[in-house]
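Chemist: Below is a structure I'd like to ask you about.
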Amino acid sequence: MKNNKMCAILGNEHEYTELLPLTKRRALATLYFDCKYRIMDFALSSIVNANIRNIFLVVNQAKLKSYFDHLGGGREWGLDSIGSYRYINFSQDLVRQKVEGQKYFDDVIDYLEKSRSTYTVFVGNKMLNSVDLKAVLKIHKAQKNDMTVVFKRMPKDKIASDDQILEIDDQTNRVKGNHNFSEYPHNLDIYNLSMNIFIIETKNLINQLRKGQRIGASANLEDFFLSLISRLNCGTYEYTGYMCNIFDVKSYPVVNVHLSLKQVA
């Protein structure tokens with residue numbers, strides 16, 4: 001087994017009422033960008049460009065059709081080839097299983113074990129970017145971190161109230177803490193915005209998921225990864241490329257707003 005083999009978890013758990021009516025019938029990740037792409041295309045491209053062919057998708061059950069209408073068989077991303085594996089789970093099921101006292105992370109753990117990957121990358125659904133995941137993995141391995149989180153320095157008008165701001169040690173590049181933007185001082189020019197992209201060794205992640213089930217950790221996978229920041233030795237990777245953080249109509253490019261409104265009309 002190659003020591004850089006990765007599998008991916010693509011989370012689609014973010015939804016914002018501020019994006020209505022654009023997201024009335026479709027998920028945030030399936031909104032248009034540049035008229036012909038969807039937001040999720042960028043995350044999928046980063047994943048497959050890192051030679052990842054095993055993907056676990058967490059989707060909103062109520063908007064499942066919008067995912068399948070776009071994904072189809074996965075051919076455009078090379079996810080229909082021999083050896084590729086896609087698993088889909090509903091975010092609502094994870095919450096329901098937790099409420100019912102079931103082992104709500106067991107499907108995720110089963111996927112990770114079957115992937116036989118050395119590393120796992122988690123990618124959120126609302127920050128449009130083109131992160132080189134192979135470069136992130138290289139930094140992760142070089143710094144010998146338990147987990148690495150990708151961040152970008154952003155002005156406050158490009159940040160949602162529930163986004164996570166990272167406190168970073170300038171000497172070690174490790175995370176000292178993370179806070180909701182709504183609870184953080186708003187007198188700074190630039191903030192270290194978590195991009196909700198994490199890399200962690202798969203064996204460690206499986207252990208953390210099992211522990212999380214025992215202690216009643218959040219069933220929201222993105223929240224779960226954020227909770228690991230304070231429990232693990234967490235390093236950082238600074239992304240300096242283009243990024244669009246989409247959380248309301250104002251943050252969504254105008255040309256796409258017109259196109260999406262036409263689709264829901």
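In the structure tokens, the first chain shown is A, the next is B, and so on; residue numbers restart at 1 for each chain, and ligands run from 1 in the order shown.
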Go through stretch 22-225 of chain A and collect every residue that DSSP, computed from the backbone, puts in strand (DSSP E); the answer should be as number ranges by chain.

Modeler: A: 32-33, 37-38, 54-59, 85-90, 119-123, 127-129, 147-154, 164-168, 175-180, 191-201

Chemist: Applying 6 Å and only C-alpha atoms, which residues near A:Arg153 remain after dropping the ones on its own chain fewer than 4 positions away? List them as a PyMOL selection string.

Modeler: chain A and resi 190-193

Chemist: Enumerate as a PyMOL selection string all residues of stretch 92-261 of chain A assigned to alpha helix (DSSP H) by DSSP on the backbone, naming them with the chain letters and numbers the document uses.

Modeler: chain A and resi 92-99+106-115+133-143+202-215+221-228+254-261

Chemist: Taking into account only C-alpha atoms, which residue in the set A:Asp189, A:Asp157, A:Glu222, A:Glu18 is nearest to A:Val121?

Modeler: A:Glu222

Chemist: What separation in Å, quoted to one decimal, exists between atom CA of A:Tyr119 and atom CA of A:Ile199?

Modeler: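 Spanning atom CA of A:Tyr119 to atom CA of A:Ile199 is a straight-line distance of 6.9 Å.
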
Chemist: Which is closer to A:Asp106 than all the others in A:Asn204, A:Ser230, A:Gln213, A:Gln164, using only C-alpha atoms?

Modeler: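 Among the listed residues, A:Gln213 lies closest to A:Asp106.
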
Chemist: Skipping near chain neighbours, those fewer than 2 positions away, what residues fall within 6 Å of A:Cys7 using only C-alpha atoms, listed as a PyMOL selection string?

Modeler: chain A and resi 52+54+117+120
